[in-house]
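Here's the structure, in structure tokens; my notes come after.
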Amino acid sequence: MITWTESGAVEQPTMLQIRVQRAYPGRVRAGAPVPTRSMSTEELHDNLHFFTEGKRGPRTHPCSRLVLSGVGVASRPDIPEIIAQARPWGMERIVLHAGVEDLESLDVASLGPLVDCLVIPVQPGPGGASLQEGTRLIRQCSEHDLTVVANTVLTPRALSSLEAIARTLIRVKPKQAALTYPFPISGTSSSEVARIGAVVRSLSVVVPMLQGQGIEVSIKGLPACYLPKYQEVFRKSANRWYVDADHQKDEAILFYPEVVAFTKAESCRFCAADPACDGFFATYLRREGFPPLNPIGT
């Protein structure tokens with residue numbers, strides 16, 4: 001099944017991401033608009049029904065995967081009710097993105113039976129998630145047999161502490177460490193983005209550290225040719241319907257390409273990693289210091 005966008009035909013996603021709350025500090029910033037308000041319980045139910053039961057037809061696909069995000073989403077009292085309704089409507093996998101503000105009070109014992117995966121931010125320094133709180137929760141998730149992904153955005157501050165973060169994660173053993181290079185945002189200066197050479201050098205150290213201790217690694221926001229020795233950590237990003245208070249039901253946004261658009265060079269067709277690589281951002285490729293895309297294995 002396909003749907004049409006301004007960028008051409010796109011396969012209809014079977015994943016739904018709902019940005020439940022208005023603000024989402026500490027998130028991986030992309031091009032999504034900031035909604036004017038949070039969503040109500042009734043709106044959450046309506047959109048879940050629309051993208052599950054409402055998509056059962058000859059020309060549509062119901063969604064079977066759900067991602068919930070937004071500041072304080074894990075602390076909302078209606079979230080257990082929402083998740084409970086999502087299951088019988090066909091949501092087979094439910095992922096909850098905890099926010100920075102959720103870490104201190106998040107009840108892993110209660111969430112464990114409800115969700116399939118909990119994504120926890122692990123960022124050092126002022127303004128980021130408490131490394132101590134994040135790692136405490138990761139340990140609790142292991143105790144309750146809840147799959148957890150530790151997410152670190154590769155900011156300049158995080159990069160300077162990346163080996164220390166890796167050593168901490170090795171102690172608490174999340175299922176996966178997600179390392180994400182920030183998406184380009186209008187108005188962001190080059191000084192706010194970690195230099196790509198330093199990023200590649202740091203990742204070349206921490207990826208084998210984590211893999212050597214049985215922790216899966218996923219790198220997002222970078223092309224595979226920047227780290228050709230670690231092609232296995234790159235996976236094609238799954239598209240999803242993106243819903244917030246201002247974009248509901250028929251007005252939902254396709255995450256790719258309407259929120260985030262990757263680009264590839266013509267030569268990428270001959271790259272050994274092409275099936276697993278998203279490509280990169282044209283904005284960065286136009287900047288000084290970012291190498292051109294270079295096919296692997298040619």
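Letters A, B, ... go to the chains of the structure tokens in the order shown; residues in each chain start at 1; ligands are counted from 1 in the same order.
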Sort by chain and increasing residue number a table of all residues of segment 254-283 of chain A within 10 Å of segment 218-234 of chain A, each with its closest pair of atoms and their distance in Å to one decimal, counting only C-alpha atoms, and write it as a Markdown table.
| residue | atom | partner | partner_atom | distance |
| --- | --- | --- | --- | --- |
| A:Phe262 | CA | A:Gly221 | CA | 8.9 |
| A:Thr263 | CA | A:Pro223 | CA | 9.8 |
| A:Lys264 | CA | A:Pro223 | CA | 9.1 |
| A:Cys268 | CA | A:Cys225 | CA | 9.5 |
| A:Cys271 | CA | A:Cys225 | CA | 8.6 |
| A:Ala272 | CA | A:Gln231 | CA | 9.0 |
| A:Ala273 | CA | A:Ala224 | CA | 6.6 |
| A:Asp274 | CA | A:Ala224 | CA | 8.3 |
| A:Pro275 | CA | A:Phe234 | CA | 9.7 |
| A:Ala276 | CA | A:Phe234 | CA | 5.9 |
| A:Cys277 | CA | A:Ala224 | CA | 5.9 |
| A:Asp278 | CA | A:Pro223 | CA | 6.7 |
| A:Gly279 | CA | A:Pro223 | CA | 4.9 |
| A:Phe280 | CA | A:Pro223 | CA | 5.4 |
| A:Phe281 | CA | A:Gly221 | CA | 8.1 |
Exercise for the section: Any chance you could list, as an NGL selection string, the residues in segment 23-268 of chain A that come up alpha helix (DSSP H) when DSSP is run on the backbone? Expected result: :A and (41-51 or 79-86 or 108-111 or 131-143 or 156-160 or 162-172 or 196-211)
Problem - Given only C-alpha atoms as the counted atoms, nearest of A:Val148, A:Ala84, A:Ala166, A:Leu16 to Ser64 of chain A - result: A:Leu16
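Residue nearest Glu11 of chain A, chosen from A:Gly134, A:Leu210, A:Arg59, A:Phe50 and counting only C-alpha atoms: A:Arg59.
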Problem - Residue contacts of segment 101-113 of chain A (12 Å, only C-alpha atoms) excluding same-chain residues fewer than 3 positions away, as a PyMOL selection string - result: chain A and resi 23-27+69-77+79-81+83-84+94-98+116-122+127-148
Would you save the residues from that selection as a compact mmCIF listing (two decimals), in the first residue's frame, using N, CA and C atoms?
# COMPACT_ATOMS: atom_id res chain seq x y z
N ALA A 23 5.53 19.77 24.98
CA ALA A 23 6.99 19.93 24.97
C ALA A 23 7.66 18.59 25.18
N TYR A 24 8.88 18.48 24.69
CA TYR A 24 9.63 17.23 24.84
C TYR A 24 11.11 17.55 25.02
N PRO A 25 11.52 18.11 26.17
CA PRO A 25 12.93 18.44 26.38
C PRO A 25 13.80 17.20 26.29
N GLY A 26 14.99 17.35 25.73
CA GLY A 26 15.93 16.24 25.66
C GLY A 26 15.66 15.28 24.52
N ARG A 27 14.66 15.59 23.68
CA ARG A 27 14.36 14.69 22.58
C ARG A 27 15.41 14.85 21.49
N SER A 69 5.41 9.54 23.06
CA SER A 69 6.51 10.43 23.45
C SER A 69 5.95 11.75 23.96
N GLY A 70 6.82 12.56 24.56
CA GLY A 70 6.42 13.87 25.05
C GLY A 70 6.80 14.06 26.51
N VAL A 71 7.00 15.28 26.90
CA VAL A 71 7.42 15.58 28.27
C VAL A 71 6.37 15.07 29.26
N GLY A 72 6.82 14.26 30.20
CA GLY A 72 5.93 13.75 31.23
C GLY A 72 4.98 12.66 30.78
N VAL A 73 5.19 12.11 29.58
CA VAL A 73 4.24 11.11 29.07
C VAL A 73 4.18 9.88 29.97
N ALA A 74 5.31 9.48 30.53
CA ALA A 74 5.33 8.28 31.37
C ALA A 74 4.64 8.50 32.71
N SER A 75 4.38 9.76 33.05
CA SER A 75 3.76 10.09 34.33
C SER A 75 2.27 10.41 34.21
N ARG A 76 1.76 10.48 32.97
CA ARG A 76 0.33 10.78 32.80
C ARG A 76 -0.52 9.64 33.34
N PRO A 77 -1.53 9.94 34.14
CA PRO A 77 -2.34 8.87 34.74
C PRO A 77 -3.19 8.11 33.74
N ILE A 79 -2.14 7.05 30.73
CA ILE A 79 -1.33 6.24 29.82
C ILE A 79 -1.60 4.74 29.98
N PRO A 80 -1.71 4.20 31.21
CA PRO A 80 -2.04 2.76 31.31
C PRO A 80 -3.35 2.42 30.61
N GLU A 81 -4.35 3.29 30.73
CA GLU A 81 -5.64 3.07 30.08
C GLU A 81 -5.49 3.09 28.55
N ILE A 83 -2.78 2.42 26.78
CA ILE A 83 -2.05 1.22 26.35
C ILE A 83 -2.96 -0.01 26.40
N ALA A 84 -3.76 -0.09 27.46
CA ALA A 84 -4.67 -1.23 27.60
C ALA A 84 -5.65 -1.31 26.43
N ILE A 94 4.56 -1.83 21.71
CA ILE A 94 4.37 -0.48 22.25
C ILE A 94 5.68 -0.02 22.89
N VAL A 95 6.15 1.12 22.43
CA VAL A 95 7.40 1.71 22.92
C VAL A 95 7.07 3.03 23.60
N LEU A 96 7.61 3.23 24.78
CA LEU A 96 7.40 4.47 25.53
C LEU A 96 8.73 5.21 25.66
N HIS A 97 8.76 6.46 25.19
CA HIS A 97 9.96 7.29 25.32
C HIS A 97 9.85 8.12 26.60
N ALA A 98 10.56 7.72 27.62
CA ALA A 98 10.55 8.50 28.86
C ALA A 98 11.30 9.81 28.63
N ASP A 116 6.42 -2.83 25.70
CA ASP A 116 7.41 -3.79 25.22
C ASP A 116 8.83 -3.24 25.32
N CYS A 117 8.94 -1.92 25.30
CA CYS A 117 10.27 -1.31 25.34
C CYS A 117 10.17 0.08 25.95
N LEU A 118 11.12 0.41 26.79
CA LEU A 118 11.21 1.74 27.39
C LEU A 118 12.51 2.39 26.93
N VAL A 119 12.40 3.58 26.34
CA VAL A 119 13.58 4.32 25.89
C VAL A 119 13.91 5.37 26.94
N ILE A 120 15.13 5.31 27.46
CA ILE A 120 15.55 6.20 28.54
C ILE A 120 16.68 7.10 28.06
N PRO A 121 16.54 8.43 28.22
CA PRO A 121 17.62 9.32 27.82
C PRO A 121 18.80 9.24 28.78
N VAL A 122 19.99 9.15 28.23
CA VAL A 122 21.22 9.13 29.03
C VAL A 122 22.13 10.22 28.50
N GLY A 127 21.13 20.45 32.07
CA GLY A 127 20.14 20.49 31.01
C GLY A 127 19.84 19.15 30.38
N GLY A 128 20.65 18.13 30.70
CA GLY A 128 20.40 16.80 30.16
C GLY A 128 19.85 15.91 31.25
N ALA A 129 19.57 14.67 30.87
CA ALA A 129 19.07 13.71 31.85
C ALA A 129 20.15 13.44 32.87
N SER A 130 19.74 13.18 34.10
CA SER A 130 20.69 12.78 35.13
C SER A 130 21.23 11.41 34.78
N LEU A 131 22.56 11.33 34.59
CA LEU A 131 23.17 10.05 34.27
C LEU A 131 22.90 9.04 35.37
N GLN A 132 22.93 9.51 36.61
CA GLN A 132 22.68 8.63 37.74
C GLN A 132 21.25 8.10 37.72
N GLU A 133 20.26 8.97 37.49
CA GLU A 133 18.87 8.53 37.46
C GLU A 133 18.61 7.61 36.28
N GLY A 134 19.18 7.95 35.13
CA GLY A 134 18.97 7.13 33.95
C GLY A 134 19.51 5.72 34.13
N THR A 135 20.72 5.62 34.67
CA THR A 135 21.32 4.29 34.85
C THR A 135 20.62 3.51 35.97
N ARG A 136 20.10 4.23 36.97
CA ARG A 136 19.34 3.54 38.03
C ARG A 136 18.10 2.88 37.43
N LEU A 137 17.43 3.60 36.54
CA LEU A 137 16.23 3.06 35.92
C LEU A 137 16.55 1.90 34.99
N ILE A 138 17.67 1.99 34.28
CA ILE A 138 18.06 0.88 33.41
C ILE A 138 18.27 -0.39 34.23
N ARG A 139 18.89 -0.25 35.38
CA ARG A 139 19.09 -1.40 36.25
C ARG A 139 17.74 -1.96 36.73
N GLN A 140 16.82 -1.07 37.08
CA GLN A 140 15.50 -1.52 37.51
C GLN A 140 14.76 -2.24 36.38
N CYS A 141 14.90 -1.76 35.16
CA CYS A 141 14.25 -2.41 34.02
C CYS A 141 14.75 -3.84 33.86
N SER A 142 16.04 -4.03 34.04
CA SER A 142 16.60 -5.38 33.95
C SER A 142 16.01 -6.28 35.03
N GLU A 143 15.83 -5.73 36.22
CA GLU A 143 15.28 -6.51 37.33
C GLU A 143 13.83 -6.91 37.06
N HIS A 144 13.09 -6.10 36.28
CA HIS A 144 11.69 -6.39 35.97
C HIS A 144 11.52 -6.97 34.57
N ASP A 145 12.61 -7.39 33.96
CA ASP A 145 12.59 -8.04 32.65
C ASP A 145 11.92 -7.16 31.60
N LEU A 146 12.16 -5.86 31.67
CA LEU A 146 11.63 -4.90 30.70
C LEU A 146 12.75 -4.47 29.75
N THR A 147 12.52 -4.65 28.46
CA THR A 147 13.52 -4.25 27.48
C THR A 147 13.73 -2.74 27.53
N VAL A 148 14.98 -2.33 27.59
CA VAL A 148 15.28 -0.90 27.71
C VAL A 148 16.35 -0.51 26.70
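Neighbours of Asp250 of chain A closer than or equal to 12 Å, with only C-alpha atoms counted and sequence neighbours fewer than 2 positions away skipped, come out as Asp46, Asn47, Phe50, Phe51, Gly54, Lys55, Trp241, Tyr242, Val243, Asp244, Asp246, His247, Gln248, Ala252, Ile253 and Leu254 of chain A.
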Handout entry: Pick from A:Ile165, A:Pro295, A:Lys173, A:Ile82, whichever lies nearest to Glu42 of chain A using only C-alpha atoms
Key = A:Ile82
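Put simply, atom CA of Thr36 of chain A is 7.2 Å away from atom CA of Ala245 of chain A.
Closest to Gly289 of chain A among A:Ile170, A:Ala198, A:Ala261, A:Cys63 is A:Ala198, based on only C-alpha atoms.
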Exercise for the section: Check the DSSP output for the backbone and give back, as a PyMOL selection string, the residues of segment 78-119 of chain A in strand (DSSP E or B). Expected result: chain A and resi 93-97+117-119
Give me a file of those residues, with all heavy atoms, as a CSV table (one decimal), in the first residue's frame.
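Output saved as out_19.csv:
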chain,number,residue,atom,x,y,z
A,93,ARG,N,3.3,-4.0,19.4
A,93,ARG,CA,4.5,-3.6,20.0
A,93,ARG,C,4.3,-2.1,20.4
A,93,ARG,O,4.0,-1.3,19.6
A,93,ARG,CB,5.7,-3.7,19.1
A,93,ARG,CG,7.0,-3.2,19.7
A,93,ARG,CD,8.2,-3.5,18.8
A,93,ARG,NE,9.4,-2.9,19.3
A,93,ARG,CZ,10.2,-3.3,20.4
A,93,ARG,NH1,9.7,-4.4,21.0
A,93,ARG,NH2,11.3,-2.7,20.7
A,94,ILE,N,4.6,-1.8,21.7
A,94,ILE,CA,4.4,-0.5,22.3
A,94,ILE,C,5.7,0.0,22.9
A,94,ILE,O,6.2,-0.7,23.8
A,94,ILE,CB,3.2,-0.5,23.3
A,94,ILE,CG1,1.9,-0.8,22.6
A,94,ILE,CG2,3.1,0.9,23.9
A,94,ILE,CD1,0.7,-0.9,23.5
A,95,VAL,N,6.1,1.1,22.4
A,95,VAL,CA,7.4,1.7,22.9
A,95,VAL,C,7.1,3.0,23.6
A,95,VAL,O,6.3,3.9,23.0
A,95,VAL,CB,8.4,1.9,21.8
A,95,VAL,CG1,9.7,2.6,22.3
A,95,VAL,CG2,8.7,0.6,21.1
A,96,LEU,N,7.6,3.2,24.8
A,96,LEU,CA,7.4,4.5,25.5
A,96,LEU,C,8.7,5.2,25.7
A,96,LEU,O,9.7,4.6,26.2
A,96,LEU,CB,6.8,4.2,26.9
A,96,LEU,CG,6.5,5.4,27.8
A,96,LEU,CD1,5.4,6.2,27.2
A,96,LEU,CD2,6.1,4.9,29.2
A,97,HIS,N,8.8,6.5,25.2
A,97,HIS,CA,10.0,7.3,25.3
A,97,HIS,C,9.9,8.1,26.6
A,97,HIS,O,9.1,9.1,26.6
A,97,HIS,CB,10.1,8.2,24.1
A,97,HIS,CG,10.6,7.6,22.9
A,97,HIS,ND1,11.9,7.8,22.4
A,97,HIS,CD2,10.0,6.7,22.0
A,97,HIS,CE1,12.1,7.0,21.3
A,97,HIS,NE2,11.0,6.4,21.1
A,117,CYS,N,8.9,-1.9,25.3
A,117,CYS,CA,10.3,-1.3,25.3
A,117,CYS,C,10.2,0.1,25.9
A,117,CYS,O,9.2,0.8,25.6
A,117,CYS,CB,10.9,-1.2,23.9
A,117,CYS,SG,12.5,-0.5,23.8
A,118,LEU,N,11.1,0.4,26.8
A,118,LEU,CA,11.2,1.7,27.4
A,118,LEU,C,12.5,2.4,26.9
A,118,LEU,O,13.6,1.8,27.1
A,118,LEU,CB,11.2,1.6,28.9
A,118,LEU,CG,11.2,2.9,29.7
A,118,LEU,CD1,10.0,3.8,29.5
A,118,LEU,CD2,11.4,2.6,31.2
A,119,VAL,N,12.4,3.6,26.3
A,119,VAL,CA,13.6,4.3,25.9
A,119,VAL,C,13.9,5.4,26.9
A,119,VAL,O,13.1,6.2,27.3
A,119,VAL,CB,13.4,5.0,24.5
A,119,VAL,CG1,14.6,5.8,24.1
A,119,VAL,CG2,13.0,3.9,23.5
